[in-house]
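Chemist: Got a structure for you, input31.cif, holding mmCIF, C-alpha atoms.
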data_data
#
loop_
_atom_site.label_atom_id
_atom_site.label_comp_id
_atom_site.auth_asym_id
_atom_site.auth_seq_id
_atom_site.Cartn_x
_atom_site.Cartn_y
_atom_site.Cartn_z
CA MET A 1 30.00 -4.52 -12.91
CA HIS A 2 27.37 -4.54 -15.62
CA ILE A 3 23.77 -3.92 -14.57
CA ARG A 4 22.81 -7.45 -15.67
CA ASP A 5 25.13 -8.84 -13.01
CA TYR A 6 22.81 -7.42 -10.34
CA LEU A 7 19.44 -8.06 -11.98
CA ALA A 8 17.34 -11.09 -11.08
CA ALA A 9 13.77 -12.21 -11.87
CA PRO A 10 12.21 -10.42 -8.83
CA ASP A 11 13.70 -7.11 -10.03
CA LEU A 12 11.70 -7.31 -13.25
CA LEU A 13 8.54 -7.45 -11.15
CA SER A 14 9.77 -4.46 -9.15
CA LEU A 15 10.18 -2.61 -12.43
CA LEU A 16 6.61 -3.55 -13.39
CA ASN A 17 5.53 -2.16 -10.03
CA ALA A 18 7.30 1.14 -10.72
CA SER A 19 5.96 1.19 -14.29
CA ALA A 20 2.39 0.76 -13.06
CA GLY A 21 2.93 3.63 -10.62
CA PHE A 22 4.37 5.89 -13.32
CA LEU A 23 1.54 5.07 -15.74
CA SER A 24 -0.96 5.71 -12.95
CA ILE A 25 0.45 9.22 -12.55
CA LEU A 26 0.38 9.71 -16.32
CA MET A 27 -3.29 8.65 -16.51
CA LEU A 28 -4.04 10.95 -13.59
CA LEU A 29 -2.52 13.95 -15.35
CA ASN A 30 -4.58 13.10 -18.44
CA GLY A 31 -7.80 13.06 -16.42
CA ASN A 32 -8.36 9.29 -16.55
CA TYR A 33 -8.87 8.85 -12.81
CA ILE A 34 -10.46 5.40 -12.97
CA PHE A 35 -7.60 3.88 -14.97
CA SER A 36 -5.15 5.66 -12.65
CA ALA A 37 -6.72 4.02 -9.58
CA GLN A 38 -6.72 0.63 -11.30
CA LEU A 39 -3.03 0.90 -12.17
CA MET A 40 -2.20 1.75 -8.55
CA LEU A 41 -3.96 -1.44 -7.45
CA LEU A 42 -2.18 -3.53 -10.09
CA ALA A 43 1.14 -2.26 -8.70
CA VAL A 44 0.25 -4.05 -5.43
CA ILE A 45 0.13 -7.38 -7.26
CA PHE A 46 3.58 -6.82 -8.80
CA ASP A 47 4.93 -5.76 -5.40
CA SER A 48 3.60 -8.93 -3.79
CA LEU A 49 4.95 -11.15 -6.56
CA ASP A 50 8.52 -9.84 -6.43
CA GLY A 51 8.89 -10.93 -2.80
CA TRP A 52 7.24 -14.29 -3.52
CA VAL A 53 9.53 -14.96 -6.49
CA ALA A 54 12.59 -13.92 -4.46
CA ARG A 55 11.68 -16.45 -1.75
CA LYS A 56 10.90 -19.24 -4.21
CA THR A 57 14.14 -18.74 -6.15
CA LYS A 58 16.11 -18.29 -2.90
CA ARG A 59 17.71 -15.16 -4.24
CA ASP A 60 21.01 -14.14 -2.66
CA ASP A 61 20.74 -10.35 -2.60
CA GLN A 62 24.13 -9.78 -1.00
CA PHE A 63 24.52 -6.25 -2.39
CA GLY A 64 20.99 -5.14 -1.44
CA PHE A 65 20.21 -4.39 -5.09
CA GLY A 66 16.77 -6.00 -4.98
CA LYS A 67 15.87 -4.40 -1.67
CA ASN A 68 16.72 -0.94 -3.00
CA MET A 69 14.84 -1.51 -6.25
CA ASP A 70 11.77 -2.65 -4.33
CA SER A 71 11.81 0.39 -2.05
CA LEU A 72 12.38 2.88 -4.88
CA SER A 73 9.53 1.33 -6.85
CA ASP A 74 7.28 1.47 -3.79
CA VAL A 75 7.96 5.18 -3.32
CA ILE A 76 6.67 5.82 -6.85
CA SER A 77 3.63 3.53 -6.77
CA PHE A 78 2.56 3.79 -3.14
CA GLY A 79 3.89 7.22 -2.18
CA VAL A 80 3.95 9.65 -5.09
CA ALA A 81 1.05 8.14 -7.09
CA PRO A 82 -1.55 8.11 -4.26
CA GLY A 83 -0.31 11.48 -2.99
CA MET A 84 -0.89 13.06 -6.40
CA PHE A 85 -4.16 11.13 -6.84
CA LEU A 86 -5.53 12.63 -3.64
CA CYS A 87 -4.57 16.15 -4.78
CA ILE A 88 -5.88 15.93 -8.34
CA ALA A 89 -8.67 13.36 -8.49
CA SER A 90 -10.35 14.17 -5.17
CA PRO A 91 -10.11 17.91 -4.46
CA ASN A 92 -11.53 18.96 -1.09
CA MET A 93 -14.15 21.64 -1.68
CA PHE A 94 -14.24 22.82 1.93
CA LEU A 95 -10.48 23.11 2.40
CA PRO A 96 -9.02 23.29 -1.14
CA TYR A 97 -5.39 23.00 -0.04
CA ILE A 98 -5.76 20.31 2.60
CA ASN A 99 -5.23 17.47 0.14
CA ILE A 100 -1.89 18.94 -0.90
CA VAL A 101 -0.77 18.69 2.71
CA VAL A 102 -2.19 15.18 3.08
CA GLY A 103 -0.65 14.10 -0.23
CA LEU A 104 2.75 15.35 0.91
CA LEU A 105 2.25 13.56 4.22
CA ILE A 106 1.71 10.28 2.36
CA VAL A 107 4.98 10.73 0.43
CA VAL A 108 7.03 11.75 3.50
CA CYS A 109 5.66 9.02 5.76
CA GLY A 110 6.10 6.46 2.99
CA ILE A 111 9.77 7.36 2.58
CA LEU A 112 10.31 7.25 6.36
CA ARG A 113 8.57 3.89 6.63
CA LEU A 114 10.60 2.31 3.83
CA SER A 115 13.87 3.76 5.15
CA ARG A 116 13.22 2.29 8.59
CA PHE A 117 12.33 -1.07 7.04
CA ASN A 118 15.60 -1.13 5.05
CA VAL A 119 17.59 -0.36 8.18
CA LEU A 120 15.83 -3.03 10.26
CA ILE A 121 16.07 -5.72 7.58
CA ILE A 122 19.89 -5.55 7.69
CA ASP A 123 19.75 -7.13 11.14
CA ASN A 124 17.75 -10.36 10.91
CA ASP A 125 17.48 -10.48 14.70
CA THR A 126 15.78 -7.07 14.83
CA ILE A 127 12.99 -7.54 12.31
CA SER A 128 10.26 -10.13 12.78
CA LYS A 129 9.58 -12.65 10.03
CA ASP A 130 5.88 -12.68 10.90
CA LYS A 131 5.11 -9.00 11.47
CA PHE A 132 5.66 -5.56 9.94
CA ILE A 133 6.65 -2.64 12.15
CA GLY A 134 4.23 0.04 11.02
CA LEU A 135 1.53 -0.26 8.39
CA PRO A 136 2.90 -1.58 5.05
CA ILE A 137 3.08 1.16 2.41
CA PRO A 138 0.89 -0.63 -0.21
CA SER A 139 -2.02 0.10 2.14
CA THR A 140 -2.08 3.66 0.76
CA VAL A 141 -3.33 2.52 -2.64
CA MET A 142 -5.32 -0.41 -1.26
CA VAL A 143 -7.43 2.10 0.66
CA LEU A 144 -7.49 5.00 -1.79
CA GLY A 145 -7.74 2.98 -5.01
CA SER A 146 -10.49 0.65 -3.81
CA PHE A 147 -12.39 3.56 -2.24
CA TYR A 148 -12.36 5.51 -5.50
CA LEU A 149 -13.52 2.47 -7.50
CA SER A 150 -16.19 1.46 -4.97
CA GLY A 151 -18.88 3.85 -6.19
CA ILE A 152 -19.18 5.42 -2.71
CA PHE A 153 -16.15 7.73 -2.86
CA SER A 154 -16.02 10.88 -0.72
CA ALA A 155 -13.12 13.33 -0.92
CA ASN A 156 -13.48 14.39 2.72
CA ILE A 157 -13.50 10.83 4.03
CA ALA A 158 -10.58 9.96 1.73
CA SER A 159 -8.50 12.79 3.20
CA PHE A 160 -9.20 11.60 6.73
CA LEU A 161 -8.44 7.96 5.93
CA MET A 162 -5.16 8.83 4.26
CA VAL A 163 -4.01 10.84 7.28
CA VAL A 164 -4.69 7.78 9.44
CA VAL A 165 -2.84 5.51 6.99
CA ALA A 166 0.16 7.87 6.79
CA VAL A 167 0.49 8.11 10.58
CA LEU A 168 0.16 4.34 11.03
CA MET A 169 2.93 3.76 8.48
CA ILE A 170 5.47 5.44 10.77
CA SER A 171 4.01 4.01 13.96
CA THR A 172 5.44 1.10 15.94
CA VAL A 173 2.23 -0.90 15.62
CA GLU A 174 3.07 -4.46 14.58
CA TYR A 175 0.97 -5.66 11.63
CA PRO A 176 0.81 -9.38 10.77
CA LYS A 177 2.22 -10.58 7.47
CA PHE A 178 -0.10 -12.57 5.24
CA LYS A 179 1.90 -15.47 3.82
CA GLY A 180 -0.91 -17.92 3.12
CA LEU A 181 -1.38 -18.54 -0.59
CA LYS A 182 -5.18 -18.55 -0.27
CA ILE A 183 -5.29 -15.11 1.34
CA VAL A 184 -2.89 -13.68 -1.24
CA MET A 185 -4.92 -15.19 -4.08
CA ILE A 186 -8.19 -13.78 -2.70
CA GLY A 187 -6.61 -10.33 -2.45
CA ALA A 188 -5.23 -10.58 -6.00
CA LEU A 189 -8.62 -11.70 -7.37
CA LEU A 190 -10.38 -8.79 -5.65
CA ILE A 191 -7.84 -6.36 -7.12
CA ILE A 192 -8.24 -7.82 -10.61
CA ALA A 193 -12.04 -7.80 -10.29
CA SER A 194 -11.89 -4.17 -9.12
CA CYS A 195 -10.06 -3.34 -12.33
CA LEU A 196 -12.87 -4.61 -14.55
CA PRO A 197 -14.45 -2.05 -16.92
CA GLN A 198 -16.74 0.31 -15.04
CA GLY A 199 -19.80 -0.91 -16.97
CA ILE A 200 -19.32 -4.41 -15.58
CA MET A 201 -18.43 -3.05 -12.14
CA SER A 202 -21.66 -1.06 -11.96
CA LEU A 203 -23.72 -4.15 -12.83
CA ILE A 204 -22.37 -5.93 -9.75
CA ALA A 205 -22.72 -2.81 -7.57
CA TYR A 206 -18.92 -2.27 -7.46
CA LEU A 207 -18.82 -5.26 -5.08
CA PRO A 208 -15.14 -6.33 -5.55
CA ALA A 209 -13.85 -2.80 -4.83
CA LYS A 210 -16.16 -2.50 -1.82
CA LEU A 211 -15.00 -5.85 -0.43
CA LEU A 212 -11.36 -4.89 -1.01
CA LEU A 213 -11.95 -1.60 0.80
CA VAL A 214 -13.66 -3.28 3.76
CA PHE A 215 -11.00 -5.98 4.18
CA THR A 216 -8.20 -3.41 3.91
CA LEU A 217 -9.80 -1.09 6.48
CA ILE A 218 -10.26 -4.01 8.87
CA TYR A 219 -6.55 -4.80 8.56
CA VAL A 220 -5.54 -1.14 8.90
CA LEU A 221 -7.70 -0.31 11.91
CA ILE A 222 -8.30 -3.48 13.93
CA VAL A 223 -4.61 -4.09 14.72
CA PRO A 224 -3.90 -0.72 16.40
CA LEU A 225 -7.28 -0.83 18.18
CA MET A 226 -6.46 -4.26 19.62
CA GLU A 227 -3.02 -3.04 20.66
CA LEU A 228 -4.56 0.02 22.35
CA TYR A 229 -7.10 -2.19 24.11
CA GLY A 230 -4.31 -4.43 25.39
CA LYS A 231 -2.38 -1.43 26.75
CA LEU A 232 -5.48 -0.14 28.52
CA LEU A 233 -5.99 -3.53 30.17
CA ARG A 234 -2.38 -3.68 31.31
CA SER A 235 -2.40 -0.12 32.67
CA GLY A 236 -5.81 -0.39 34.36
CA PRO A 237 -6.33 -0.82 38.13
CA HIS A 238 -5.64 -4.28 39.49
CA VAL A 239 -8.46 -5.71 41.54
CA ARG A 240 -7.42 -7.90 44.46
#
Translate this structure into structure tokens?

Modeler:
Amino acid sequence: MHIRDYLAAPDLLSLLNASAGFLSILMLLNGNYIFSAQLMLLAVIFDSLDGWVARKTKRDDQFGFGKNMDSLSDVISFGVAPGMFLCIASPNMFLPYINIVVGLLIVVCGILRLSRFNVLIIDNDTISKDKFIGLPIPSTVMVLGSFYLSGIFSANIASFLMVVVAVLMISTVEYPKFKGLKIVMIGALLIIASCLPQGIMSLIAYLPAKLLLVFTLIYVLIVPLMELYGKLLRSGPHVR
């Protein structure tokens, strides 16, 4: 069959996602770290839109073409791009090779997370419609990109955060899915505002990027902490 027989509108958004990831890497290699971080964040918008369009158009992806395109695009934008960004744009002066290891960890854990998701999604009874198993992979660039654009970036803290994000991606922690249009719109507006020219960003104290970073970290960290707290309560001594 011709390639056009498989393509649908959501796939074009997946391609835009992959294109943003590729261009982010290209900007990174040319030393334009700010534009690279902004392109990584824009890839999140395209990734969110492809799923939304697929649901609205009630796409019948019987061959799994769209699912595979989405995952392959995500590996580029949310695995390879942030992994390389951490190695090149934020070198660790104390341990010069640690970011190479952390960058590779992001790529490996991202691939594992997406592979598990693709296996689980085959069985509709296995995967929840309201929760993700493991931290969603776009969180890598939501954390790293917003942190770099926030004006308070630290290479050492970035390395630590990305280790946490990578491990949570392959965990069994169940993260809620945000389906509300208002929440999605707020996130998209913060991403777009974070991609404003740095002159404008500095005038407003890099506020959009800081807010995006704070909201993302709350989502990343509060869910496993609540799950751990619940386990401690259940395993604690029972008072009669």

Chemist: Identify which of the residues A:Tyr6, A:Trp52, A:Tyr33, A:Phe117 lies closest to Gly66 (chain A), counting all atoms listed in the file when measuring atom-to-atom distances.

Modeler: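 Among A:Tyr6, A:Trp52, A:Tyr33, A:Phe117, it is A:Tyr6 that comes nearest to Gly66 (chain A).
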
Chemist: Could you pull the residues within 9 Å of Leu105 (chain A), counting all atoms listed in the file, minus those fewer than 4 positions along the same chain, as an MDAnalysis selection string?

Modeler: chainID A and resid 83 100:101 109:110 162:163 166:167

Chemist: Mind telling me what the PyMOL selection byres ((chain A and resi 197-208) around 10) catches here, as a ChimeraX atom specification?

Modeler: /A:34-35,38,146,149-152,187,189-196,209-214

Chemist: Taking into account all atoms listed in the file, which residue in the set A:Leu49, A:Val108, A:Phe178, A:Ala9 is nearest to Lys129 (chain A)?

Modeler: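 Between A:Leu49, A:Val108, A:Phe178, A:Ala9, the residue approaching Lys129 (chain A) most closely is A:Phe178.
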
Chemist: Could you list, as number ranges by chain, every residue matched by the PyMOL selection byres ((chain A and resi 78) around 7) in this structure?

Modeler: A: 74-77, 79-82, 137-138, 140-141

Chemist: Under the PyMOL selection byres ((chain A and resi 15-20) around 7), which residues of this model are included? Write them out as a list in words.

Modeler: Asp11, Leu12, Leu13, Ser14, Gly21, Phe22, Leu23, Ser24, Leu39, Met40, Leu42, Ala43, Phe46, Asp47, Ser73, Asp74, Ile76 and Ser77 of chain A

Chemist: Suppose you want the space between CA of Leu86 (chain A) and CA of Leu144 (chain A); what is it in Å?

Modeler: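 According to the coordinates, CA of Leu86 (chain A) and CA of Leu144 (chain A) are separated by 8.1 Å.
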
Chemist: Counting all atoms listed in the file, figure out which residue out of A:Met69, A:Leu135, A:Ile183, A:Ala158 gets nearest to Leu112 (chain A).

Modeler: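 Comparing A:Met69, A:Leu135, A:Ile183, A:Ala158 against Leu112 (chain A), the winner is A:Leu135.
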
Chemist: Could you please determine the separation between CA of Ser36 (chain A) and CA of Lys67 (chain A) in Å, to one decimal place?

Modeler: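 Result for CA of Ser36 (chain A) versus CA of Lys67 (chain A): 25.8 Å, one decimal.
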
Chemist: Do you know which residues are at most 12 Å from Ile222 (chain A) counting all atoms listed in the file, after dropping those on the same chain fewer than 3 positions away, and could you put them as a PyMOL selection string?

Modeler: chain A and resi 135+168+173-176+214-219+225-229

Chemist: Could you check how far CA of Ile45 (chain A) sits from CA of Asn30 (chain A), in Å to one decimal?

Modeler: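 CA of Asn30 (chain A) lies 23.8 Å from CA of Ile45 (chain A).
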
Chemist: Using all atoms listed in the file, which of the listed residues (A:Pro91, A:Pro136, A:Gly103, A:Gly51) sits closest to Pro10 (chain A)?

Modeler: A:Gly51
